[in-house]
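entry-v3.csv follows; it contains CSV, C-alpha atoms (C1' of nucleotides).
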chain,number,residue,atom,x,y,z
A,67,MET,CA,0.0,0.0,0.0
A,68,SER,CA,1.2,3.5,-0.8
A,69,MET,CA,2.3,5.8,2.0
A,70,HIS,CA,-0.6,8.1,0.9
A,71,ASP,CA,-3.1,5.3,1.6
A,72,LYS,CA,-1.4,4.2,4.8
A,73,ILE,CA,-1.7,7.7,6.2
A,74,LEU,CA,-5.4,7.9,5.2
A,75,GLU,CA,-6.0,4.6,6.9
A,76,ALA,CA,-4.3,5.7,10.1
A,77,ALA,CA,-6.1,9.0,10.1
A,78,GLU,CA,-9.5,7.3,9.7
A,79,ALA,CA,-8.8,5.1,12.7
A,80,ARG,CA,-7.8,8.0,14.9
A,81,LEU,CA,-10.7,10.2,13.7
A,82,ARG,CA,-13.2,7.5,14.4
A,83,SER,CA,-12.0,6.9,17.9
A,84,GLY,CA,-11.2,10.4,19.1
A,85,GLY,CA,-12.5,12.9,16.7
A,86,TYR,CA,-10.9,15.7,14.6
A,87,GLY,CA,-9.0,17.2,17.5
A,88,ALA,CA,-7.5,13.9,18.5
A,89,VAL,CA,-5.6,13.6,15.2
A,90,SER,CA,-2.1,15.0,15.0
A,91,PHE,CA,0.5,14.9,12.2
A,92,ARG,CA,3.1,13.5,14.6
A,93,ASP,CA,0.9,10.7,15.8
A,94,LEU,CA,0.0,9.8,12.2
A,95,ALA,CA,3.6,9.9,11.2
A,96,SER,CA,4.5,7.6,14.0
A,97,ASP,CA,1.7,5.2,13.1
A,98,VAL,CA,3.0,4.8,9.5
A,99,GLY,CA,6.8,5.1,10.2
A,100,VAL,CA,7.7,8.5,8.8
A,101,LYS,CA,8.3,12.0,10.1
A,102,SER,CA,5.5,14.6,10.5
A,103,ALA,CA,6.9,16.7,7.7
A,104,SER,CA,6.4,13.8,5.3
A,105,VAL,CA,2.7,13.7,6.3
A,106,HIS,CA,2.5,17.3,5.4
A,107,TYR,CA,4.1,16.5,2.0
A,108,HIS,CA,1.1,14.2,1.2
A,109,PHE,CA,-1.5,16.4,2.8
A,110,PRO,CA,-0.3,20.0,3.1
A,111,ARG,CA,-2.9,21.1,5.7
A,112,LYS,CA,-4.9,19.3,8.2
A,113,GLU,CA,-8.1,20.3,6.4
A,114,ASP,CA,-6.8,18.6,3.2
A,115,LEU,CA,-6.3,15.4,5.2
A,116,GLY,CA,-9.7,15.6,6.7
A,117,VAL,CA,-11.4,16.0,3.4
A,118,ALA,CA,-9.4,13.2,1.9
A,119,VAL,CA,-10.3,10.8,4.7
A,120,VAL,CA,-14.0,11.6,4.4
A,121,THR,CA,-13.9,11.2,0.6
A,122,ALA,CA,-12.1,7.9,0.8
A,123,TYR,CA,-14.5,6.7,3.5
A,124,THR,CA,-17.5,7.6,1.3
A,125,GLU,CA,-16.1,5.7,-1.6
A,126,LYS,CA,-15.4,2.7,0.5
A,127,VAL,CA,-18.9,2.6,2.0
A,128,PHE,CA,-20.6,3.0,-1.4
A,129,GLU,CA,-18.4,0.3,-2.9
A,130,ALA,CA,-19.8,-2.0,-0.2
A,131,LEU,CA,-23.3,-0.7,-0.8
A,132,GLY,CA,-23.0,-1.6,-4.5
A,133,MET,CA,-23.6,-5.3,-3.7
A,134,ALA,CA,-26.5,-4.5,-1.3
A,135,MET,CA,-28.3,-2.7,-4.1
A,136,GLN,CA,-28.4,-6.0,-6.1
A,137,ALA,CA,-30.8,-7.7,-3.6
A,138,ARG,CA,-34.2,-8.4,-4.9
A,139,THR,CA,-36.6,-6.9,-2.4
A,140,PRO,CA,-36.6,-3.4,-0.7
A,141,ARG,CA,-36.4,-5.2,2.6
A,142,ASP,CA,-33.4,-7.2,1.5
A,143,ARG,CA,-31.7,-4.1,0.3
A,144,LEU,CA,-32.3,-2.4,3.6
A,145,ALA,CA,-30.9,-5.5,5.3
A,146,GLY,CA,-27.8,-5.1,3.2
A,147,TYR,CA,-27.5,-1.4,4.0
A,148,ILE,CA,-27.7,-2.2,7.7
A,149,GLY,CA,-25.1,-4.9,7.3
A,150,VAL,CA,-22.6,-2.3,6.1
A,151,PHE,CA,-23.1,-0.3,9.2
A,152,ARG,CA,-23.0,-3.3,11.5
A,153,HIS,CA,-19.7,-4.3,9.9
A,154,ALA,CA,-18.2,-0.9,10.6
A,155,LEU,CA,-19.4,-1.1,14.2
A,156,VAL,CA,-18.6,-4.7,15.1
A,157,GLU,CA,-15.7,-5.7,12.9
A,158,GLU,CA,-13.9,-2.3,12.9
A,159,ASP,CA,-14.9,-1.7,16.5
A,160,ALA,CA,-15.7,2.0,15.9
A,161,ILE,CA,-18.6,4.2,15.1
A,162,CYS,CA,-19.2,5.5,11.6
A,163,LEU,CA,-16.6,8.2,10.7
A,164,CYS,CA,-19.4,10.6,9.7
A,165,ALA,CA,-21.3,10.0,13.0
A,166,MET,CA,-18.2,11.3,14.8
A,167,LEU,CA,-17.6,14.2,12.4
A,168,GLY,CA,-21.3,15.0,12.1
A,169,ALA,CA,-21.4,15.5,15.9
A,170,GLU,CA,-18.4,17.8,15.6
A,171,ALA,CA,-19.7,19.5,12.4
A,172,ARG,CA,-20.1,22.9,13.9
A,173,GLY,CA,-16.4,23.1,14.9
A,174,LEU,CA,-14.9,21.6,11.7
A,175,PRO,CA,-13.2,23.4,8.8
A,176,HIS,CA,-15.9,24.2,6.3
A,177,GLN,CA,-14.7,21.8,3.6
A,178,VAL,CA,-14.5,18.9,6.0
A,179,ALA,CA,-18.1,19.6,7.3
A,180,GLU,CA,-19.2,19.8,3.7
A,181,ALA,CA,-17.7,16.4,2.8
A,182,VAL,CA,-19.6,14.9,5.8
A,183,ARG,CA,-22.8,16.5,4.5
A,184,VAL,CA,-22.2,15.0,1.1
A,185,PHE,CA,-21.8,11.6,2.7
A,186,PHE,CA,-25.2,11.8,4.4
A,187,GLN,CA,-26.9,13.2,1.3
A,188,ALA,CA,-25.5,10.3,-0.7
A,189,ASN,CA,-26.8,7.9,1.9
A,190,ILE,CA,-30.3,9.5,1.7
A,191,ASP,CA,-30.2,9.2,-2.1
A,192,TRP,CA,-29.1,5.6,-2.0
A,193,LEU,CA,-31.9,4.6,0.3
A,194,ASP,CA,-34.4,6.6,-1.7
A,195,GLU,CA,-33.5,4.5,-4.7
A,196,ALA,CA,-33.1,1.1,-2.9
A,197,LEU,CA,-36.5,1.5,-1.2
A,198,ALA,CA,-38.3,3.2,-4.0
A,199,ASN,CA,-40.9,0.5,-4.5
A,200,ALA,CA,-41.4,-0.5,-0.9
A,201,SER,CA,-45.0,-0.5,0.1
A,202,ARG,CA,-44.2,0.6,3.6
A,203,LYS,CA,-41.0,2.2,4.9
A,204,PRO,CA,-39.5,4.9,7.2
A,205,LYS,CA,-38.1,8.0,5.5
A,206,SER,CA,-34.5,7.6,4.4
A,207,ALA,CA,-33.2,10.2,6.8
A,208,GLU,CA,-35.0,8.4,9.7
A,209,ILE,CA,-33.2,5.2,8.9
A,210,ILE,CA,-29.8,6.9,8.8
A,211,ALA,CA,-30.6,8.8,12.1
A,212,ALA,CA,-31.7,5.6,13.8
A,213,LEU,CA,-28.6,3.7,12.7
A,214,GLU,CA,-26.1,6.4,13.6
A,215,GLY,CA,-27.7,7.0,16.9
A,216,ALA,CA,-27.7,3.3,17.6
A,217,MET,CA,-23.9,3.2,16.9
A,218,LEU,CA,-23.4,6.1,19.2
A,219,LEU,CA,-25.3,4.4,22.0
A,220,ALA,CA,-23.7,1.1,21.4
A,221,ASN,CA,-20.3,2.7,21.5
A,222,THR,CA,-20.9,4.4,24.8
A,223,MET,CA,-22.6,1.5,26.5
A,224,ASP,CA,-20.2,-1.0,25.0
A,225,SER,CA,-23.1,-3.2,23.9
A,226,ILE,CA,-24.3,-4.0,20.4
A,227,ALA,CA,-27.7,-5.1,21.6
A,228,VAL,CA,-29.2,-1.6,21.1
A,229,PHE,CA,-27.9,-1.7,17.5
A,230,GLU,CA,-29.6,-5.0,16.8
A,231,ASP,CA,-32.9,-3.8,18.3
A,232,VAL,CA,-32.8,-0.7,16.1
A,233,ALA,CA,-32.0,-2.8,13.1
A,234,ASP,CA,-34.8,-5.2,13.8
A,235,GLY,CA,-37.2,-2.3,14.3
A,236,LEU,CA,-36.3,-0.7,10.9
A,237,LEU,CA,-36.7,-4.0,9.0
A,238,SER,CA,-40.0,-4.8,10.7
A,239,ARG,CA,-41.3,-1.4,9.4
A,240,THR,CA,-40.2,-2.0,5.8
A,241,GLU,CA,-41.7,-4.3,3.1
B,219,MET,CA,-24.2,33.3,39.0
B,220,SER,CA,-21.1,31.9,40.8
B,221,MET,CA,-17.8,31.7,38.9
B,222,HIS,CA,-18.0,27.9,39.3
B,223,ASP,CA,-21.3,27.8,37.5
B,224,LYS,CA,-20.2,30.3,34.8
B,225,ILE,CA,-17.3,28.1,34.0
B,226,LEU,CA,-19.5,25.1,33.8
B,227,GLU,CA,-21.9,26.9,31.4
B,228,ALA,CA,-19.1,28.0,29.2
B,229,ALA,CA,-17.5,24.6,29.2
B,230,GLU,CA,-20.8,23.0,28.2
B,231,ALA,CA,-21.2,25.3,25.3
B,232,ARG,CA,-17.7,24.6,24.0
B,233,LEU,CA,-18.1,20.9,24.6
B,234,ARG,CA,-21.3,20.7,22.7
B,235,SER,CA,-20.0,22.6,19.6
B,236,GLY,CA,-16.5,21.2,19.3
B,237,GLY,CA,-16.1,18.2,21.6
B,238,TYR,CA,-13.7,17.4,24.4
B,239,GLY,CA,-10.5,18.4,22.5
B,240,ALA,CA,-11.9,21.8,21.6
B,241,VAL,CA,-12.2,22.9,25.2
B,242,SER,CA,-9.2,24.7,26.7
B,243,PHE,CA,-8.6,26.3,30.1
B,244,ARG,CA,-7.5,29.5,28.4
B,245,ASP,CA,-10.6,29.8,26.2
B,246,LEU,CA,-12.9,29.1,29.1
B,247,ALA,CA,-11.0,31.7,31.2
B,248,SER,CA,-11.4,34.2,28.5
B,249,ASP,CA,-15.2,33.4,28.2
B,250,VAL,CA,-15.9,34.1,31.8
B,251,GLY,CA,-13.3,36.9,32.3
B,252,VAL,CA,-10.6,35.4,34.5
B,253,LYS,CA,-7.2,33.9,34.0
B,254,SER,CA,-6.7,30.2,33.3
B,255,ALA,CA,-5.1,29.6,36.7
B,256,SER,CA,-8.4,30.6,38.2
B,257,VAL,CA,-10.2,28.0,36.2
B,258,HIS,CA,-7.7,25.4,37.5
B,259,TYR,CA,-8.6,26.6,41.0
B,260,HIS,CA,-12.3,25.5,40.5
B,261,PHE,CA,-11.5,22.4,38.5
B,262,PRO,CA,-8.0,21.2,39.1
B,263,ARG,CA,-7.8,18.8,36.1
B,264,LYS,CA,-9.6,18.8,32.8
B,265,GLU,CA,-11.1,15.5,33.7
B,266,ASP,CA,-12.7,17.0,36.8
B,267,LEU,CA,-14.2,19.7,34.7
B,268,GLY,CA,-15.5,17.1,32.2
B,269,VAL,CA,-17.2,15.1,34.9
B,270,ALA,CA,-18.7,18.2,36.5
B,271,VAL,CA,-20.1,19.4,33.2
B,272,VAL,CA,-21.7,16.0,32.4
B,273,THR,CA,-23.1,15.7,35.9
B,274,ALA,CA,-24.6,19.2,35.9
B,275,TYR,CA,-26.0,18.6,32.4
B,276,THR,CA,-27.6,15.4,33.6
B,277,GLU,CA,-29.2,17.1,36.6
B,278,LYS,CA,-30.5,19.9,34.3
B,279,VAL,CA,-32.1,17.5,31.9
B,280,PHE,CA,-33.7,15.4,34.6
B,281,GLU,CA,-35.1,18.5,36.2
B,282,ALA,CA,-36.8,19.4,32.9
B,283,LEU,CA,-38.0,15.7,32.6
B,284,GLY,CA,-39.6,16.0,36.0
B,285,MET,CA,-42.5,17.9,34.5
B,286,ALA,CA,-42.8,15.6,31.5
B,287,MET,CA,-43.3,12.6,33.9
B,288,GLN,CA,-46.5,14.3,35.2
B,289,ALA,CA,-48.3,13.9,31.9
B,290,ARG,CA,-51.3,11.5,31.9
B,291,THR,CA,-50.7,9.1,29.1
B,292,PRO,CA,-47.5,7.3,28.0
B,293,ARG,CA,-47.7,9.0,24.7
B,294,ASP,CA,-47.9,12.4,26.3
B,295,ARG,CA,-44.9,11.6,28.5
B,296,LEU,CA,-42.9,10.6,25.4
B,297,ALA,CA,-44.0,13.8,23.8
B,298,GLY,CA,-42.6,15.7,26.8
B,299,TYR,CA,-39.4,13.7,26.7
B,300,ILE,CA,-39.0,14.6,23.0
B,301,GLY,CA,-39.7,18.2,23.8
B,302,VAL,CA,-36.7,18.3,26.1
B,303,PHE,CA,-34.4,17.1,23.3
B,304,ARG,CA,-36.0,19.5,20.8
B,305,HIS,CA,-35.4,22.4,23.1
B,306,ALA,CA,-31.7,21.5,23.4
B,307,LEU,CA,-31.4,21.3,19.6
B,308,VAL,CA,-33.5,24.3,18.5
B,309,GLU,CA,-33.3,26.8,21.4
B,310,GLU,CA,-29.7,26.1,22.3
B,311,ASP,CA,-28.7,25.4,18.7
B,312,ALA,CA,-26.4,22.4,19.6
B,313,ILE,CA,-26.7,18.7,19.9
B,314,CYS,CA,-27.1,16.9,23.2
B,315,LEU,CA,-23.8,17.1,25.2
B,316,CYS,CA,-23.9,13.3,25.6
B,317,ALA,CA,-24.3,12.7,21.9
B,318,MET,CA,-21.1,14.5,21.4
B,319,LEU,CA,-19.3,12.8,24.2
B,320,GLY,CA,-20.8,9.5,23.4
B,321,ALA,CA,-19.3,9.6,20.0
B,322,GLU,CA,-15.9,10.4,21.5
B,323,ALA,CA,-16.4,7.9,24.4
B,324,ARG,CA,-13.5,5.7,23.3
B,325,GLY,CA,-11.0,8.6,23.6
B,326,LEU,CA,-12.3,10.2,26.8
B,327,PRO,CA,-10.8,10.0,30.3
B,328,HIS,CA,-12.5,7.0,32.0
B,329,GLN,CA,-14.5,9.0,34.6
B,330,VAL,CA,-15.9,11.3,31.9
B,331,ALA,CA,-16.9,8.4,29.7
B,332,GLU,CA,-18.5,6.8,32.8
B,333,ALA,CA,-20.5,9.9,33.5
B,334,VAL,CA,-21.9,9.8,29.9
B,335,ARG,CA,-22.8,6.2,30.4
B,336,VAL,CA,-24.7,7.1,33.5
B,337,PHE,CA,-26.6,9.8,31.6
B,338,PHE,CA,-27.8,7.3,29.0
B,339,GLN,CA,-28.7,4.6,31.6
B,340,ALA,CA,-30.7,7.2,33.5
B,341,ASN,CA,-32.5,8.1,30.3
B,342,ILE,CA,-33.3,4.4,29.7
B,343,ASP,CA,-34.6,4.1,33.2
B,344,TRP,CA,-36.7,7.2,32.9
B,345,LEU,CA,-38.3,6.0,29.7
B,346,ASP,CA,-38.9,2.5,31.1
B,347,GLU,CA,-40.9,4.1,33.9
B,348,ALA,CA,-42.7,6.7,31.8
B,349,LEU,CA,-43.8,4.2,29.2
B,350,ALA,CA,-44.4,1.3,31.6
B,351,ASN,CA,-48.0,0.9,30.9
B,352,ALA,CA,-48.0,1.7,27.2
B,353,SER,CA,-49.7,-0.9,25.1
B,354,ARG,CA,-47.3,-0.5,22.2
B,355,LYS,CA,-43.9,1.2,22.2
B,356,PRO,CA,-40.3,1.0,20.9
B,357,LYS,CA,-37.6,-0.1,23.4
B,358,SER,CA,-36.3,2.8,25.5
B,359,ALA,CA,-32.8,2.5,24.0
B,360,GLU,CA,-34.3,2.6,20.5
B,361,ILE,CA,-36.0,5.9,21.4
B,362,ILE,CA,-32.8,7.5,22.7
B,363,ALA,CA,-30.8,6.2,19.7
B,364,ALA,CA,-33.4,7.6,17.3
B,365,LEU,CA,-33.4,11.0,18.9
B,366,GLU,CA,-29.6,11.3,19.3
B,367,GLY,CA,-29.1,10.2,15.7
B,368,ALA,CA,-31.7,12.7,14.6
B,369,MET,CA,-29.9,15.5,16.4
B,370,LEU,CA,-26.6,14.4,14.8
B,371,LEU,CA,-28.1,14.5,11.3
B,372,ALA,CA,-30.0,17.7,11.9
B,373,ASN,CA,-26.7,19.3,13.1
B,374,THR,CA,-24.8,18.2,10.0
B,375,MET,CA,-27.5,19.0,7.4
B,376,ASP,CA,-28.5,22.2,9.3
B,377,SER,CA,-32.2,21.2,9.1
B,378,ILE,CA,-34.5,20.2,11.9
B,379,ALA,CA,-36.9,18.5,9.5
B,380,VAL,CA,-35.3,15.1,10.1
B,381,PHE,CA,-35.7,15.6,13.9
B,382,GLU,CA,-39.4,16.2,13.5
B,383,ASP,CA,-39.8,13.2,11.2
B,384,VAL,CA,-38.1,11.0,13.8
B,385,ALA,CA,-40.2,12.5,16.6
B,386,ASP,CA,-43.4,11.9,14.7
B,387,GLY,CA,-42.4,8.3,13.9
B,388,LEU,CA,-41.7,7.6,17.6
B,389,LEU,CA,-45.0,9.0,18.7
B,390,SER,CA,-47.0,7.1,16.1
B,391,ARG,CA,-45.5,3.9,17.3
B,392,THR,CA,-46.5,4.6,21.0
B,393,GLU,CA,-49.8,4.4,22.7
C,138,DG,C1',25.2,5.8,-22.7
C,139,DT,C1',26.2,9.6,-20.2
C,140,DT,C1',24.9,14.0,-18.9
C,141,DT,C1',21.2,17.2,-17.5
C,142,DG,C1',17.0,18.7,-15.4
C,143,DT,C1',12.9,17.5,-13.0
C,144,DT,C1',10.1,15.1,-9.8
C,145,DT,C1',9.1,12.1,-5.9
C,146,DA,C1',9.4,11.2,-1.3
C,147,DC,C1',11.4,11.7,2.4
C,148,DC,C1',14.7,14.0,6.0
C,149,DT,C1',16.4,17.4,10.0
C,150,DA,C1',15.7,21.5,12.2
C,151,DT,C1',13.0,25.0,13.6
C,152,DC,C1',9.1,28.2,14.1
C,153,DA,C1',5.3,30.7,16.8
C,154,DG,C1',1.5,29.4,19.2
C,155,DT,C1',-1.1,26.8,22.5
C,156,DA,C1',-2.0,22.8,25.6
C,157,DG,C1',-2.6,21.4,30.6
C,158,DG,C1',-0.7,22.3,34.8
C,159,DT,C1',2.0,24.5,39.0
C,160,DA,C1',4.1,27.8,42.5
C,161,DG,C1',3.8,31.7,45.0
C,162,DA,C1',2.1,36.5,45.9
C,163,DC,C1',-1.7,39.1,47.0
C,164,DA,C1',-6.1,41.0,48.7
C,165,DA,C1',-10.6,40.6,50.5
C,166,DA,C1',-14.0,38.0,53.6
C,167,DC,C1',-14.9,35.7,57.5
D,55,DG,C1',-5.4,34.9,61.1
D,56,DT,C1',-7.1,31.6,58.2
D,57,DT,C1',-9.8,30.6,54.2
D,58,DT,C1',-11.3,31.9,49.6
D,59,DG,C1',-10.5,33.4,45.1
D,60,DT,C1',-7.7,35.5,41.9
D,61,DC,C1',-3.5,37.0,40.0
D,62,DT,C1',1.4,36.9,37.7
D,63,DA,C1',4.7,34.2,36.0
D,64,DC,C1',6.3,30.2,34.7
D,65,DC,C1',7.0,25.1,33.1
D,66,DT,C1',7.1,21.2,29.8
D,67,DA,C1',5.0,19.0,26.1
D,68,DC,C1',2.8,19.3,22.0
D,69,DT,C1',0.4,21.6,17.9
D,70,DG,C1',0.2,22.7,12.8
D,71,DA,C1',3.3,24.4,9.7
D,72,DT,C1',7.6,25.9,7.1
D,73,DA,C1',12.4,26.1,5.4
D,74,DG,C1',16.0,23.9,3.3
D,75,DG,C1',18.3,19.8,2.0
D,76,DT,C1',19.0,15.0,0.0
D,77,DA,C1',18.9,10.5,-2.3
D,78,DA,C1',16.7,8.0,-5.8
D,79,DA,C1',14.0,7.6,-9.9
D,80,DC,C1',12.9,9.1,-14.4
D,81,DA,C1',13.1,11.2,-18.9
D,82,DA,C1',15.1,13.9,-22.5
D,83,DA,C1',19.2,15.8,-24.8
D,84,DC,C1',23.5,15.2,-26.5

Show me, as structure tokens, the structure contained in the file I just sent.
Amino acid sequence: MSMHDKILEAAEARLRSGGYGAVSFRDLASDVGVKSASVHYHFPRKEDLGVAVVTAYTEKVFEALGMAMQARTPRDRLAGYIGVFRHALVEEDAICLCAMLGAEARGLPHQVAEAVRVFFQANIDWLDEALANASRKPKSAEIIAALEGAMLLANTMDSIAVFEDVADGLLSRTE
Amino acid sequence: MSMHDKILEAAEARLRSGGYGAVSFRDLASDVGVKSASVHYHFPRKEDLGVAVVTAYTEKVFEALGMAMQARTPRDRLAGYIGVFRHALVEEDAICLCAMLGAEARGLPHQVAEAVRVFFQANIDWLDEALANASRKPKSAEIIAALEGAMLLANTMDSIAVFEDVADGLLSRTE
DNA sequence: GTTTGTTTACCTATCAGTAGGTAGACAAAC
DNA sequence: GTTTGTCTACCTACTGATAGGTAAACAAAC
């Protein structure tokens, strides 16, 4: 993997566990085995790094969502969507990057906050399309809010039970 | 208001807009018109300040919830509960303190994270009691997750519409 | 095929600014 | 005269960011 990508990966991990303020060029440099000036070579300003991480994260998520869109019924597509979030929470043991940055949105550099907004709008659009011919369903923004909130609570209480309850609730209201 | 309380108020505002890392003793001192050493006099370590803010916030929220518990039906009590969160979002123009700190929980000093956990558990307990004799209702943790997620999304997209949609959805599933 | 110029990807060293935190002087209140 | 609250003055550690340099890779010119 290129140094560029290794830095992005390390930055995503630190962002997701501690937020924007918890990411420093020196820590990232140490994570990937270079000096902080070299991190600045790849991402001149912290804002550039923030935007790049969110953009890469968005692409990664929507690549995973590509398969979920293939499912036959709206309900199965929603189950696939939920699965992507569950994987992020359980396998990567961290909340969604944009849940963290969404909470901090008011204090973020404008371009970073805008990238987060784009992520959520893209999620709304994806769900609108995936559930277009459902006979009964919550609004797309409601689904996202429920899942992001469930991650947040699961993260704090250190229990994924609440996430599964929310997921079941959403699926039972969709067909 | 005492200097102690003025510092708590300023710290809450900064915590809710930028997170734990965005709060500095110097900024707080400037906010309330003293020097940073004086803030250290009231709250020796940042962790002490963090715990005190969460504790005071919890008390403030549950004081407001006291009235909501008086309502006659489970549905009305839920409406009152939602109203407390709506007020925090709309009137104070910020997400719930514990939504922010819950997202950052993994990177917080242990006692602060624990205070946040206590806040959420107290909310679960409150809802369990308020909706005890409802004939139909979401689980308490589901309600909290939905509302916290709705705040997060509303904060990022700068639109309270998603919050109202989530609130309506919760009320329609409760009676 | 060797010289020349350019780019990539890093380095060391340093900057001004800010972080949390402390020691000790001081004045007013009790 | 002791407690309370604030001050000045300082510390060490770390922040994002910049300057200037270097070794290797590559391509074009001769």

Using all atoms listed in the file, I'd like a table of the residues in chain C that come within 10 Å of chain B; for each, show the closest atom pair and its distance in Å rounded to one decimal, ordered by chain and ascending number, as JSON lines.
{"residue": "C:DT155", "atom": "C1'", "partner": "B:Arg244", "partner_atom": "CA", "distance": 9.1}
{"residue": "C:DA156", "atom": "C1'", "partner": "B:Ser242", "partner_atom": "CA", "distance": 7.5}
{"residue": "C:DG157", "atom": "C1'", "partner": "B:Phe243", "partner_atom": "CA", "distance": 7.8}
{"residue": "C:DG158", "atom": "C1'", "partner": "B:Arg263", "partner_atom": "CA", "distance": 8.0}
{"residue": "C:DT159", "atom": "C1'", "partner": "B:Ala255", "partner_atom": "CA", "distance": 9.0}

Who sits within 12 Å of A:Leu74, all atoms listed in the file, same chain under 3 positions skipped, as a PyMOL selection string
chain A and resi 67-71+77-81+89+91+94-95+97-98+105+108-109+112+114-123

Quote the spacing between atom CA of B:Glu366 and atom CA of A:Thr240 in Å to one decimal place.
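Result for atom CA of B:Glu366 versus atom CA of A:Thr240: 21.7 Å, one decimal.
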
Only residues of chain B matter here; which ones have an atom within 9 Å of chain D, counting all atoms listed in the file? Give them as a ChimeraX atom specification.
/B:252-253,255-256,259

Measure the distance from atom CA of B:Lys278 to atom CA of B:Ala340 in Å and round it to one decimal.
12.7 Å

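Between atom CA of A:Gly215 and atom CA of B:Ala364 there is a distance of 5.7 Å.
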
Give me, as a tab-separated table, each residue of chain A that comes within 6 Å of chain B, together with its shortest interatomic pair and the distance in Å at one decimal, counting all atoms listed in the file, with rows ordered by chain and rising residue number.
residue	atom	partner	partner_atom	distance
A:Ser83	CA	B:Arg324	CA	5.7
A:Gly84	CA	B:Gly325	CA	4.9
A:Gly87	CA	B:Gly239	CA	5.4
A:Met166	CA	B:Ala321	CA	5.6
A:Gly168	CA	B:Thr374	CA	5.2
A:Ala169	CA	B:Leu370	CA	5.4
A:Glu170	CA	B:Gly236	CA	5.4
A:Ala171	CA	B:Thr374	CA	5.8
A:Arg172	CA	B:Ser235	CA	5.7
A:Gly173	CA	B:Gly236	CA	4.8
A:Glu208	CA	B:Val384	CA	5.8
A:Ala211	CA	B:Gly367	CA	4.1
A:Ala212	CA	B:Ala364	CA	4.4
A:Glu214	CA	B:Gly367	CA	5.3
A:Gly215	CA	B:Gly367	CA	3.7
A:Ala216	CA	B:Ala363	CA	4.7
A:Leu218	CA	B:Ala321	CA	5.4
A:Thr222	CA	B:Gly320	CA	5.3
A:Val232	CA	B:Glu360	CA	5.7

Same residues, C-alpha atoms, saved as a JSON list (two decimals), keeping the file's coordinate frame:
[["chain", "number", "residue", "atom", "x", "y", "z"],
["A", 83, "SER", "CA", -12.00, 6.90, 17.90],
["A", 84, "GLY", "CA", -11.20, 10.40, 19.10],
["A", 87, "GLY", "CA", -9.00, 17.20, 17.50],
["A", 166, "MET", "CA", -18.20, 11.30, 14.80],
["A", 168, "GLY", "CA", -21.30, 15.00, 12.10],
["A", 169, "ALA", "CA", -21.40, 15.50, 15.90],
["A", 170, "GLU", "CA", -18.40, 17.80, 15.60],
["A", 171, "ALA", "CA", -19.70, 19.50, 12.40],
["A", 172, "ARG", "CA", -20.10, 22.90, 13.90],
["A", 173, "GLY", "CA", -16.40, 23.10, 14.90],
["A", 208, "GLU", "CA", -35.00, 8.40, 9.70],
["A", 211, "ALA", "CA", -30.60, 8.80, 12.10],
["A", 212, "ALA", "CA", -31.70, 5.60, 13.80],
["A", 214, "GLU", "CA", -26.10, 6.40, 13.60],
["A", 215, "GLY", "CA", -27.70, 7.00, 16.90],
["A", 216, "ALA", "CA", -27.70, 3.30, 17.60],
["A", 218, "LEU", "CA", -23.40, 6.10, 19.20],
["A", 222, "THR", "CA", -20.90, 4.40, 24.80],
["A", 232, "VAL", "CA", -32.80, -0.70, 16.10]]
